[in-house]
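Asker: What follows is the file protein.cif, containing mmCIF, C-alpha atoms:
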```
data_data
#
loop_
_atom_site.label_atom_id
_atom_site.label_comp_id
_atom_site.auth_asym_id
_atom_site.auth_seq_id
_atom_site.Cartn_x
_atom_site.Cartn_y
_atom_site.Cartn_z
CA MET D 1 -99.25 98.55 -54.57
CA ASN D 2 -102.96 98.27 -53.83
CA LYS D 3 -102.60 95.33 -51.42
CA LYS D 4 -100.91 95.04 -48.03
CA ALA D 5 -99.39 92.02 -46.35
CA ILE D 6 -97.36 91.03 -43.30
CA LEU D 7 -94.21 89.05 -44.10
CA VAL D 8 -93.38 86.10 -41.84
CA GLY D 9 -90.24 83.98 -41.61
CA VAL D 10 -88.58 81.46 -39.33
CA ASN D 11 -84.78 81.38 -39.06
CA THR D 12 -83.59 77.82 -38.47
CA SER D 13 -80.08 78.28 -39.91
CA ARG D 14 -78.81 80.68 -37.23
CA LYS D 15 -77.12 82.64 -40.04
CA GLU D 16 -78.66 86.04 -39.50
CA THR D 17 -77.37 87.61 -42.73
CA ASP D 18 -78.73 84.77 -44.91
CA PHE D 19 -82.10 84.96 -43.19
CA GLU D 20 -82.29 88.75 -43.50
CA TYR D 21 -81.53 88.49 -47.21
CA SER D 22 -84.19 85.80 -47.65
CA MET D 23 -86.77 88.10 -46.01
CA GLU D 24 -85.61 91.01 -48.18
CA GLU D 25 -86.04 88.80 -51.24
CA LEU D 26 -89.55 87.86 -50.04
CA GLU D 27 -90.39 91.57 -49.86
CA ASN D 28 -89.14 92.01 -53.47
CA LEU D 29 -91.25 89.04 -54.59
CA ALA D 30 -94.31 90.58 -52.91
CA ALA D 31 -93.57 93.93 -54.60
CA ALA D 32 -93.36 92.12 -57.96
CA CYS D 33 -96.97 91.03 -57.27
CA GLY D 34 -98.09 94.55 -56.37
CA ILE D 35 -98.19 93.80 -52.63
CA GLN D 36 -96.76 96.24 -50.10
CA SER D 37 -95.17 95.08 -46.86
CA ALA D 38 -97.11 96.32 -43.83
CA GLY D 39 -94.69 94.76 -41.36
CA LYS D 40 -92.51 91.74 -40.64
CA LEU D 41 -92.66 89.02 -38.01
CA THR D 42 -89.71 86.67 -37.52
CA GLN D 43 -88.78 83.91 -35.09
CA ASN D 44 -85.60 81.94 -34.35
CA LEU D 45 -86.34 78.23 -33.98
CA ASP D 46 -84.39 74.98 -34.16
CA ARG D 47 -87.06 73.62 -36.47
CA ILE D 48 -90.36 74.70 -38.03
CA VAL D 49 -93.39 74.01 -35.77
CA GLN D 50 -95.13 71.10 -37.49
CA GLY D 51 -98.78 72.17 -37.37
CA TYR D 52 -98.51 75.98 -37.24
CA TYR D 53 -95.05 76.93 -38.64
CA LEU D 54 -94.66 79.46 -35.77
CA GLY D 55 -94.73 78.98 -32.01
CA LYS D 56 -98.06 79.67 -30.23
CA GLY D 57 -96.94 82.98 -28.76
CA LYS D 58 -95.71 84.31 -32.11
CA LEU D 59 -98.96 83.15 -33.75
CA GLU D 60 -100.92 85.26 -31.25
CA ASP D 61 -98.61 88.22 -32.01
CA LEU D 62 -99.32 87.69 -35.70
CA LYS D 63 -103.07 87.65 -35.13
CA LYS D 64 -102.83 91.00 -33.32
CA MET D 65 -100.67 92.48 -36.12
CA VAL D 66 -103.24 91.36 -38.71
CA GLU D 67 -106.05 93.03 -36.77
CA ASP D 68 -104.10 96.27 -36.19
CA ALA D 69 -102.71 96.65 -39.73
CA GLU D 70 -105.87 95.50 -41.57
CA VAL D 71 -103.88 93.58 -44.16
CA ASP D 72 -105.14 91.55 -47.13
CA ALA D 73 -102.81 88.58 -46.58
CA VAL D 74 -99.93 87.12 -44.60
CA ILE D 75 -96.98 85.90 -46.69
CA PHE D 76 -94.66 83.18 -45.38
CA ASP D 77 -91.03 82.74 -46.46
CA ASP D 78 -91.28 78.95 -46.88
CA GLU D 79 -93.56 76.47 -48.61
CA LEU D 80 -96.30 75.52 -46.13
CA THR D 81 -98.04 72.17 -45.81
CA PRO D 82 -101.83 71.98 -46.40
CA SER D 83 -102.48 71.51 -42.66
CA GLN D 84 -100.26 74.50 -41.76
CA ILE D 85 -102.19 76.74 -44.17
CA ARG D 86 -105.53 75.56 -42.74
CA ASN D 87 -104.44 75.90 -39.08
CA ILE D 88 -102.88 79.35 -39.53
CA GLU D 89 -105.87 80.72 -41.48
CA GLU D 90 -108.28 79.46 -38.78
CA THR D 91 -106.17 81.10 -36.06
CA ILE D 92 -105.44 84.52 -37.62
CA GLU D 93 -108.60 84.75 -39.79
CA CYS D 94 -106.68 86.07 -42.79
CA GLU D 95 -105.55 84.73 -46.17
CA VAL D 96 -102.25 82.83 -46.01
CA VAL D 97 -99.82 82.85 -48.94
CA ASP D 98 -96.52 80.96 -48.95
CA ARG D 99 -93.36 81.71 -50.95
CA THR D 100 -94.21 79.07 -53.58
CA MET D 101 -97.69 80.54 -54.21
CA LEU D 102 -96.11 83.98 -54.58
CA ILE D 103 -93.53 82.81 -57.14
CA LEU D 104 -96.22 80.88 -59.05
CA GLU D 105 -98.32 84.06 -59.18
CA ILE D 106 -95.40 86.09 -60.60
CA PHE D 107 -94.73 83.41 -63.22
CA ALA D 108 -98.44 83.33 -64.16
CA ARG D 109 -98.46 87.11 -64.65
CA ARG D 110 -95.22 87.23 -66.67
CA ALA D 111 -95.80 84.21 -68.93
CA LYS D 112 -96.30 85.37 -72.52
CA THR D 113 -95.82 82.38 -74.82
CA ARG D 114 -98.11 79.36 -74.97
CA GLU D 115 -95.31 77.12 -73.67
CA SER D 116 -94.51 79.21 -70.59
CA LYS D 117 -98.25 79.58 -69.79
CA LEU D 118 -98.67 75.81 -69.95
CA GLN D 119 -95.60 75.25 -67.79
CA VAL D 120 -96.85 77.66 -65.11
CA GLU D 121 -100.34 76.10 -65.15
CA VAL D 122 -98.91 72.57 -64.75
CA ALA D 123 -96.79 73.77 -61.80
CA ARG D 124 -99.81 75.50 -60.23
CA LEU D 125 -102.01 72.40 -60.55
CA ARG D 126 -99.28 70.15 -59.11
CA TYR D 127 -98.97 72.54 -56.17
CA MET D 128 -102.77 72.57 -55.65
CA LEU D 129 -103.28 68.81 -55.83
CA PRO D 130 -102.19 67.89 -52.26
CA ARG D 131 -103.79 71.08 -50.94
CA LEU D 132 -107.39 70.23 -51.82
CA ILE D 133 -108.94 70.16 -48.38
CA GLY D 134 -112.29 68.39 -48.06
CA SER D 135 -114.90 69.89 -45.75
CA ARG D 136 -118.68 69.75 -45.39
CA GLU D 137 -120.37 69.13 -48.74
CA SER D 138 -117.10 68.20 -50.46
CA LEU D 139 -116.93 65.11 -48.25
CA GLY D 140 -120.45 63.98 -49.18
CA ARG D 141 -120.83 61.06 -51.53
CA GLN D 142 -122.37 61.73 -54.92
CA GLY D 143 -125.55 59.80 -55.64
CA GLY D 144 -125.08 56.57 -57.52
CA GLY D 145 -128.72 55.73 -58.31
CA SER D 146 -132.18 57.13 -59.10
CA GLY D 147 -134.89 58.15 -56.66
CA LEU D 148 -134.50 59.49 -53.14
CA THR D 149 -132.28 56.68 -51.91
CA ASN D 150 -128.58 56.82 -52.52
CA ARG D 151 -128.23 53.36 -54.06
CA GLY D 152 -124.47 53.27 -54.17
CA SER D 153 -121.88 55.62 -52.85
CA GLY D 154 -120.00 57.33 -55.67
CA GLU D 155 -116.70 59.16 -55.28
CA THR D 156 -116.56 62.19 -52.96
CA LYS D 157 -116.46 65.69 -54.42
CA LEU D 158 -112.87 65.90 -53.16
CA GLU D 159 -111.95 62.78 -55.15
CA THR D 160 -113.74 64.21 -58.21
CA ASP D 161 -111.79 67.48 -57.91
CA ARG D 162 -108.52 65.56 -57.60
CA ARG D 163 -109.34 63.43 -60.63
CA LYS D 164 -110.24 66.54 -62.68
CA ILE D 165 -106.93 68.20 -61.77
CA GLU D 166 -104.95 65.04 -62.62
CA GLU D 167 -106.76 64.81 -65.98
CA GLN D 168 -106.00 68.49 -66.65
CA ILE D 169 -102.30 67.98 -65.81
CA THR D 170 -102.16 65.00 -68.22
CA LYS D 171 -103.84 67.05 -70.97
CA LEU D 172 -101.50 70.05 -70.50
CA ASN D 173 -98.44 67.77 -70.40
CA ARG D 174 -99.48 66.24 -73.74
CA GLU D 175 -99.64 69.72 -75.28
CA LEU D 176 -96.29 70.59 -73.70
CA ASP D 177 -94.75 67.42 -75.15
CA ASN D 178 -95.77 68.56 -78.65
CA LEU D 179 -94.06 71.92 -78.07
CA VAL D 180 -90.98 70.17 -76.65
CA ASN D 181 -90.77 68.00 -79.79
CA GLN D 182 -90.95 71.13 -81.96
CA ARG D 183 -88.10 72.65 -79.93
CA ARG D 184 -86.05 69.44 -80.32
CA THR D 185 -86.59 69.52 -84.09
CA GLN D 186 -85.33 73.12 -84.15
CA ARG D 187 -82.27 72.08 -82.10
CA LYS D 188 -81.50 69.19 -84.46
CA GLN D 189 -81.66 71.61 -87.39
CA ARG D 190 -79.20 73.92 -85.62
CA GLU D 191 -76.87 70.97 -84.93
CA LYS D 192 -77.05 70.06 -88.63
CA ASN D 193 -75.99 73.60 -89.48
CA ASN D 194 -73.08 73.14 -87.06
CA ILE D 195 -73.68 76.46 -85.25
CA PRO D 196 -72.36 76.53 -81.65
CA VAL D 197 -74.81 77.44 -78.88
CA VAL D 198 -73.98 79.73 -75.93
CA SER D 199 -76.48 79.83 -73.02
CA LEU D 200 -76.78 82.64 -70.48
CA VAL D 201 -77.63 81.25 -67.04
CA GLY D 202 -77.80 82.68 -63.54
CA TYR D 203 -79.82 84.08 -60.67
CA THR D 204 -82.89 86.14 -61.46
CA ASN D 205 -82.20 89.84 -62.14
CA ALA D 206 -78.43 89.30 -62.58
CA GLY D 207 -78.56 91.01 -65.99
CA LYS D 208 -78.73 88.10 -68.48
CA SER D 209 -81.18 89.83 -70.85
CA THR D 210 -79.22 93.10 -70.64
CA ILE D 211 -76.01 91.26 -71.63
CA MET D 212 -77.83 89.53 -74.48
CA ASN D 213 -79.19 92.82 -75.85
CA ALA D 214 -75.79 94.52 -75.48
CA VAL D 215 -74.06 91.69 -77.41
CA LEU D 216 -76.74 91.81 -80.15
CA ASP D 217 -76.38 95.59 -80.34
CA ALA D 218 -72.57 95.40 -80.57
CA HIS D 219 -72.78 93.11 -83.58
CA ASN D 220 -75.52 95.03 -85.41
CA SER D 221 -78.06 92.25 -85.17
CA GLY D 222 -80.94 94.73 -85.28
CA ILE D 223 -83.29 96.22 -82.71
CA GLU D 224 -86.08 93.79 -83.66
CA LYS D 225 -83.98 90.98 -82.19
CA GLN D 226 -83.75 92.58 -78.73
CA VAL D 227 -85.25 90.60 -75.84
CA PHE D 228 -87.34 92.03 -72.99
CA GLU D 229 -85.25 93.38 -70.12
CA LYS D 230 -86.27 95.11 -66.91
CA ASP D 231 -84.88 95.57 -63.41
CA MET D 232 -87.28 93.14 -61.73
CA LEU D 233 -87.44 89.52 -60.61
CA PHE D 234 -88.27 86.98 -63.34
CA ALA D 235 -88.47 89.45 -66.24
CA THR D 236 -87.57 86.52 -68.53
CA LEU D 237 -89.62 83.31 -68.53
CA GLU D 238 -89.22 82.32 -72.18
CA THR D 239 -86.01 80.95 -73.65
CA SER D 240 -85.02 83.38 -76.42
CA VAL D 241 -82.56 82.25 -79.11
CA ARG D 242 -80.73 84.84 -81.24
CA LYS D 243 -78.04 84.50 -83.90
CA VAL D 244 -74.87 86.54 -83.34
CA GLU D 245 -72.81 87.16 -86.48
CA LEU D 246 -69.28 88.36 -85.74
CA GLU D 247 -67.14 90.55 -87.99
CA THR D 248 -64.91 87.49 -88.50
CA ASN D 249 -67.81 85.67 -90.26
CA GLN D 250 -68.07 83.35 -87.28
CA THR D 251 -71.60 82.73 -86.04
CA PHE D 252 -73.03 81.43 -82.80
CA LEU D 253 -76.47 81.23 -81.17
CA LEU D 254 -77.03 83.03 -77.87
CA THR D 255 -79.88 81.84 -75.62
CA ASP D 256 -81.42 83.72 -72.70
CA THR D 257 -82.97 81.48 -70.02
CA VAL D 258 -85.25 81.81 -67.00
CA GLY D 259 -83.41 82.96 -63.86
CA PHE D 260 -83.20 81.01 -60.62
CA ILE D 261 -84.00 82.06 -57.06
CA ASN D 262 -83.52 80.70 -53.55
CA LYS D 263 -86.23 78.18 -52.58
CA LEU D 264 -87.36 77.94 -56.20
CA PRO D 265 -90.40 75.61 -56.10
CA HIS D 266 -89.55 72.12 -57.36
CA HIS D 267 -92.88 72.16 -59.25
CA LEU D 268 -91.51 75.02 -61.35
CA VAL D 269 -88.12 73.41 -61.94
CA LYS D 270 -89.96 70.27 -63.08
CA ALA D 271 -92.40 72.21 -65.30
CA PHE D 272 -89.65 74.34 -66.88
CA ARG D 273 -87.34 71.36 -67.45
CA SER D 274 -88.20 71.34 -71.19
CA THR D 275 -87.27 75.03 -71.49
CA LEU D 276 -84.05 74.41 -69.60
CA GLU D 277 -83.13 71.62 -72.05
CA GLU D 278 -81.64 74.44 -74.16
CA VAL D 279 -78.96 74.69 -71.46
CA LEU D 280 -78.25 70.94 -71.61
CA GLU D 281 -77.55 71.18 -75.35
CA ALA D 282 -75.27 74.25 -75.08
CA ASP D 283 -71.61 74.22 -76.11
CA LEU D 284 -70.81 76.91 -73.54
CA LEU D 285 -72.53 78.42 -70.47
CA VAL D 286 -72.08 82.08 -69.56
CA HIS D 287 -72.90 82.20 -65.84
CA VAL D 288 -74.02 85.79 -65.18
CA LEU D 289 -73.60 87.14 -61.63
CA ASP D 290 -74.63 90.47 -60.13
CA VAL D 291 -71.29 91.21 -58.46
CA SER D 292 -72.80 94.29 -56.74
CA ASN D 293 -75.05 91.97 -54.71
CA PRO D 294 -73.31 90.98 -51.46
CA HIS D 295 -74.87 87.50 -51.78
CA HIS D 296 -73.58 86.77 -55.29
CA GLU D 297 -71.43 83.85 -54.05
CA GLU D 298 -74.58 82.13 -52.68
CA HIS D 299 -76.32 82.88 -55.99
CA LEU D 300 -73.46 81.18 -57.82
CA ASN D 301 -73.69 78.05 -55.62
CA LEU D 302 -77.49 77.89 -55.87
CA THR D 303 -77.45 78.21 -59.68
CA ASN D 304 -74.79 75.49 -59.91
CA ARG D 305 -76.91 73.24 -57.70
CA ILE D 306 -80.03 73.68 -59.89
CA LEU D 307 -77.99 73.15 -63.08
CA GLU D 308 -76.66 69.93 -61.55
CA GLU D 309 -80.22 68.84 -60.70
CA ILE D 310 -81.36 69.20 -64.33
CA GLY D 311 -78.37 67.20 -65.56
CA VAL D 312 -75.86 69.83 -66.73
CA ASP D 313 -72.43 68.23 -66.68
CA GLY D 314 -69.12 68.78 -68.47
CA ILE D 315 -70.14 71.98 -70.31
CA PRO D 316 -67.44 74.73 -70.26
CA VAL D 317 -68.38 77.82 -68.20
CA ILE D 318 -67.45 81.51 -68.40
CA TYR D 319 -68.30 83.62 -65.32
CA ALA D 320 -69.56 87.10 -66.26
CA TYR D 321 -69.44 89.40 -63.22
CA ASN D 322 -71.99 92.00 -64.27
CA LYS D 323 -72.78 95.38 -62.62
CA SER D 324 -69.07 95.87 -61.77
CA ASP D 325 -69.72 99.64 -62.03
CA LEU D 326 -72.11 99.42 -59.04
CA ALA D 327 -69.68 97.27 -57.04
CA ASP D 328 -66.77 99.70 -57.49
CA ILE D 329 -64.66 96.94 -59.06
CA ALA D 330 -62.14 97.60 -61.85
CA TYR D 331 -63.62 96.67 -65.23
CA PRO D 332 -63.37 95.60 -67.96
CA ASP D 333 -61.06 92.93 -66.64
CA VAL D 334 -60.39 89.29 -67.58
CA LYS D 335 -59.02 86.55 -65.30
CA GLU D 336 -58.84 83.15 -67.01
CA ASN D 337 -62.55 82.20 -67.46
CA GLU D 338 -63.89 85.24 -65.59
CA VAL D 339 -64.79 88.64 -67.02
CA TYR D 340 -65.79 91.76 -65.09
CA LEU D 341 -68.13 94.02 -67.05
CA SER D 342 -71.05 96.44 -67.03
CA ALA D 343 -73.74 95.45 -69.53
CA ARG D 344 -75.68 98.64 -68.76
CA LYS D 345 -72.66 100.79 -69.71
CA LYS D 346 -71.75 98.37 -72.53
CA GLU D 347 -68.20 97.99 -71.24
CA GLY D 348 -66.43 94.63 -71.14
CA LEU D 349 -68.55 93.11 -73.94
CA ASN D 350 -65.58 92.79 -76.33
CA GLU D 351 -63.66 90.93 -73.62
CA LEU D 352 -66.67 88.64 -73.04
CA THR D 353 -67.01 87.98 -76.79
CA GLU D 354 -63.29 87.15 -77.09
CA LEU D 355 -63.60 84.65 -74.21
CA ILE D 356 -66.65 83.08 -75.89
CA LYS D 357 -64.80 82.84 -79.22
CA ALA D 358 -61.77 81.22 -77.58
CA VAL D 359 -63.98 78.39 -76.26
CA ILE D 360 -66.52 77.73 -79.02
CA PHE D 361 -64.18 78.24 -81.99
CA LYS D 362 -61.13 76.48 -80.53
CA SER D 363 -61.66 73.55 -82.91
CA TYR D 364 -61.39 75.91 -85.92
CA LYS D 365 -58.30 75.34 -88.08
CA THR D 366 -56.01 77.90 -89.66
CA CYS D 367 -55.51 76.81 -93.28
CA GLU D 368 -53.70 78.11 -96.35
CA LEU D 369 -55.41 77.44 -99.67
CA LEU D 370 -54.69 78.16 -103.31
CA ILE D 371 -57.95 78.39 -105.25
CA PRO D 372 -57.92 78.62 -109.09
CA TYR D 373 -59.72 81.65 -110.53
CA THR D 374 -62.14 79.21 -112.21
CA ASP D 375 -63.40 78.21 -108.71
CA GLY D 376 -64.34 81.71 -107.58
CA GLN D 377 -67.41 80.36 -105.73
CA VAL D 378 -65.06 78.68 -103.20
CA VAL D 379 -63.40 82.04 -102.43
CA ALA D 380 -66.86 83.57 -102.02
CA TYR D 381 -67.85 80.72 -99.66
CA PHE D 382 -64.82 81.29 -97.39
CA ASN D 383 -65.38 85.07 -97.39
CA GLU D 384 -68.91 84.43 -96.17
CA HIS D 385 -68.42 81.49 -93.78
CA ALA D 386 -64.88 81.77 -92.42
CA ASN D 387 -62.49 84.27 -90.89
CA VAL D 388 -60.26 85.30 -93.83
CA LEU D 389 -56.91 86.38 -92.37
CA ASP D 390 -55.20 87.07 -95.70
CA GLU D 391 -56.19 87.15 -99.38
CA ILE D 392 -53.50 87.38 -102.11
CA TYR D 393 -54.06 87.27 -105.87
CA GLU D 394 -51.36 85.17 -107.57
CA GLU D 395 -50.79 83.88 -111.08
CA GLU D 396 -52.27 80.41 -110.38
CA GLY D 397 -55.26 81.72 -108.39
CA THR D 398 -56.31 83.27 -105.06
CA ARG D 399 -54.20 82.41 -102.03
CA LEU D 400 -56.28 82.45 -98.83
CA VAL D 401 -55.24 82.15 -95.20
CA VAL D 402 -58.43 81.32 -93.30
CA LYS D 403 -59.62 80.22 -89.88
CA CYS D 404 -62.45 77.79 -90.62
CA LYS D 405 -64.43 74.80 -89.35
CA ASN D 406 -62.77 71.38 -89.55
CA ALA D 407 -65.62 70.26 -91.82
CA ASP D 408 -64.82 73.04 -94.32
CA ALA D 409 -61.10 72.23 -94.22
CA GLU D 410 -61.89 68.60 -95.07
CA LYS D 411 -64.43 69.55 -97.74
CA TYR D 412 -61.94 71.77 -99.62
CA GLU D 413 -58.87 69.66 -98.85
CA LYS D 414 -57.76 69.63 -102.51
CA TYR D 415 -57.00 73.37 -102.35
CA LEU D 416 -54.81 73.11 -99.23
CA ILE D 417 -51.17 74.10 -99.59
#
```
If you convert what's in this file into structure tokens, what do you get?
Answerer:
Amino acid sequence: MNKKAILVGVNTSRKETDFEYSMEELENLAAACGIQSAGKLTQNLDRIVQGYYLGKGKLEDLKKMVEDAEVDAVIFDDELTPSQIRNIEETIECEVVDRTMLILEIFARRAKTRESKLQVEVARLRYMLPRLIGSRESLGRQGGGSGLTNRGSGETKLETDRRKIEEQITKLNRELDNLVNQRRTQRKQREKNNIPVVSLVGYTNAGKSTIMNAVLDAHNSGIEKQVFEKDMLFATLETSVRKVELETNQTFLLTDTVGFINKLPHHLVKAFRSTLEEVLEADLLVHVLDVSNPHHEEHLNLTNRILEEIGVDGIPVIYAYNKSDLADIAYPDVKENEVYLSARKKEGLNELTELIKAVIFKSYKTCELLIPYTDGQVVAYFNEHANVLDEIYEEEGTRLVVKCKNADAEKYEKYLI
């Protein structure tokens, strides 16, 4: 916390609780960037002031606050236009940061893989493009001839900067496309193997990574498979895919995805669309909610809205109400497609797994087979790839009662009784 900032917001909704929460979230975002709040300034308006965001009187109050508190920056709770940034900075003589810049900074710091770094950089450049403000020498034409006379006006420095950024975006997008194609190839391979995919989705810091690690731990998948988890905003930026092997010999893939937040910059949603494609291909979504947060209903609606924007439609959903221990709600508890649990205390995970199984393995068939002792490899196959409910050794061979994939039932149809 080596930097200080004043947090500024305008409430146009007239819903005081929503606005207060948005400002609280802004403070958490600032903290995630190592910036400490040195004060807050808010204003109730019917609409944002076009050129300055705030009214003139409030802007003067802000200027005085900046001088008194000696802050490094002023952080605004909305995305500002280029002219608003310029006008406010000229008035208060202090660096201006908007909510989008703050989120982009957090993403840039947390990105670990090549793909997430590229996605953040593309989003940052797209955000910068309309905000290149020409002044003084940047408006001067570049010389288009030899000698002292400018024999032909070239493009301005501003135009050159814009062109360079556009070229950089194109170059990064090409590299991203290659990574996206690799990911698609991996997905096709998984589809070929006929392994169902379950995606964890939800608001940032709802506990998706904690649930993933708890499920992996419960099914002895090994500590090396654990994903990074921490009680902070946007701890996960990379989509992690892990195989979960159940005691019933049923297998599914569990994916952990980037969390959402209110006023999530559209540049980021666009840049991370390729990562979020994992969600589009899922057989089941587990929508994780922090039930201890009084705003979890808004989080649910916002996540649903973003999922709709990226094209998620018709995929079954299970709602996992996490942190029930902090909300003083009875858990573990199951109500149709809802489960109340505590991932931190590892309670309610069996109930969650049973709900998952009921959805993704509902097409599995219960079959009875009689397999001659000469075909022992078929018995071995079912013991490894199906849920063997009963195994009896008879005179003619091994009688199996199994719950297996339709494909396996068709493949070994000759043994069916």
Asker: Excluding D:His287 and residues on its chain fewer than 2 positions from it, collect all residues at most 9 Å away from it, counting all atoms listed in the file, and give them as a PyMOL selection string.
Answerer: chain D and resi 199-203+208+285+289+300+303+317-321
Asker: D:Leu280: which residues within 12 Å, counting all atoms listed in the file, same-chain residues fewer than 5 positions away excluded, as an NGL selection string?
Answerer: :D and (184 or 187 or 197-201 or 255 or 257 or 273-275 or 285 or 307-316)
Asker: Using C-alpha atoms, can you write the selected residues to a file as an mmCIF file, keeping the file's coordinate frame?
Answerer:
```cif
data_model
loop_
_atom_site.group_PDB
_atom_site.id
_atom_site.type_symbol
_atom_site.label_atom_id
_atom_site.label_comp_id
_atom_site.auth_asym_id
_atom_site.auth_seq_id
_atom_site.Cartn_x
_atom_site.Cartn_y
_atom_site.Cartn_z
ATOM 1 C CA ARG D 184 -86.050 69.440 -80.320
ATOM 2 C CA ARG D 187 -82.270 72.080 -82.100
ATOM 3 C CA VAL D 197 -74.810 77.440 -78.880
ATOM 4 C CA VAL D 198 -73.980 79.730 -75.930
ATOM 5 C CA SER D 199 -76.480 79.830 -73.020
ATOM 6 C CA LEU D 200 -76.780 82.640 -70.480
ATOM 7 C CA VAL D 201 -77.630 81.250 -67.040
ATOM 8 C CA THR D 255 -79.880 81.840 -75.620
ATOM 9 C CA THR D 257 -82.970 81.480 -70.020
ATOM 10 C CA ARG D 273 -87.340 71.360 -67.450
ATOM 11 C CA SER D 274 -88.200 71.340 -71.190
ATOM 12 C CA THR D 275 -87.270 75.030 -71.490
ATOM 13 C CA LEU D 285 -72.530 78.420 -70.470
ATOM 14 C CA LEU D 307 -77.990 73.150 -63.080
ATOM 15 C CA GLU D 308 -76.660 69.930 -61.550
ATOM 16 C CA GLU D 309 -80.220 68.840 -60.700
ATOM 17 C CA ILE D 310 -81.360 69.200 -64.330
ATOM 18 C CA GLY D 311 -78.370 67.200 -65.560
ATOM 19 C CA VAL D 312 -75.860 69.830 -66.730
ATOM 20 C CA ASP D 313 -72.430 68.230 -66.680
ATOM 21 C CA GLY D 314 -69.120 68.780 -68.470
ATOM 22 C CA ILE D 315 -70.140 71.980 -70.310
ATOM 23 C CA PRO D 316 -67.440 74.730 -70.260
#
```
Asker: For D:Leu7, please output as number ranges by chain all residues within 8 Å (counting only C-alpha atoms; exclusion window: fewer than 3 positions along the same chain).
Answerer: D: 23, 26-27, 37-41, 74-77
Asker: Once you have the residues from the selection above, write them out as an mmCIF file, in the coordinates of the input, restricted to C-alpha atoms.
Answerer:
```
data_model
loop_
_atom_site.group_PDB
_atom_site.id
_atom_site.type_symbol
_atom_site.label_atom_id
_atom_site.label_comp_id
_atom_site.auth_asym_id
_atom_site.auth_seq_id
_atom_site.Cartn_x
_atom_site.Cartn_y
_atom_site.Cartn_z
ATOM 1 C CA MET D 23 -86.770 88.100 -46.010
ATOM 2 C CA LEU D 26 -89.550 87.860 -50.040
ATOM 3 C CA GLU D 27 -90.390 91.570 -49.860
ATOM 4 C CA SER D 37 -95.170 95.080 -46.860
ATOM 5 C CA ALA D 38 -97.110 96.320 -43.830
ATOM 6 C CA GLY D 39 -94.690 94.760 -41.360
ATOM 7 C CA LYS D 40 -92.510 91.740 -40.640
ATOM 8 C CA LEU D 41 -92.660 89.020 -38.010
ATOM 9 C CA VAL D 74 -99.930 87.120 -44.600
ATOM 10 C CA ILE D 75 -96.980 85.900 -46.690
ATOM 11 C CA PHE D 76 -94.660 83.180 -45.380
ATOM 12 C CA ASP D 77 -91.030 82.740 -46.460
#
```
Asker: Compare D:Thr210, D:Asn322, D:Asn262, D:Ser116 by their minimum atom-to-atom distance to D:Glu338, counting all atoms listed in the file, and give me the closest one.
Answerer: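 The answer is D:Asn322, which sits nearest to D:Glu338.
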Asker: Which distance in Å separates atom CA of D:Lys243 and atom CA of D:Glu354, to one decimal?
Answerer: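 Distance reported for this atom pair: 16.5 Å.
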Asker: Could you check how far atom CA of D:Gln84 sits from atom CA of D:Thr170, in Å to one decimal?
Answerer: 28.2 Å
Asker: Would you kindly translate the PyMOL selection byres ((chain D and resi 360) around 12) into the concrete residues it picks from this file, as a PyMOL selection string?
Answerer: chain D and resi 194-199+250-254+282-286+315-318+353-359+361-364+405
Asker: Taking into account only C-alpha atoms, which residue in the set D:Ala407, D:Val96, D:Ile261, D:Leu276 is nearest to D:Glu25?
Answerer: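 Going through D:Ala407, D:Val96, D:Ile261, D:Leu276 one by one, the smallest distance to D:Glu25 is for D:Ile261.
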Asker: Pull out every residue that the PyMOL selection byres ((chain D and resi 323) around 7) matches in the shown coordinates and put them as an MDAnalysis selection string.
Answerer: chainID D and resid 290:292 321:322 324:327 341:343
Asker: Give the answer as one residue: which of D:Val269, D:Thr160, D:Val10, D:Arg114 has the shortest atom-to-atom distance to D:Thr100, using all atoms listed in the file?
Answerer: D:Val269
Asker: Can you report as JSON the centre and edge lengths in Å, to one decimal, of an axis-aligned box around the listed atoms of stretch 393-407 of chain D padded with 8 Å on each side?
Answerer:
```
{"center_x": -58.2, "center_y": 78.8, "center_z": -100.2, "size_x": 30.8, "size_y": 33.0, "size_z": 37.7}
```
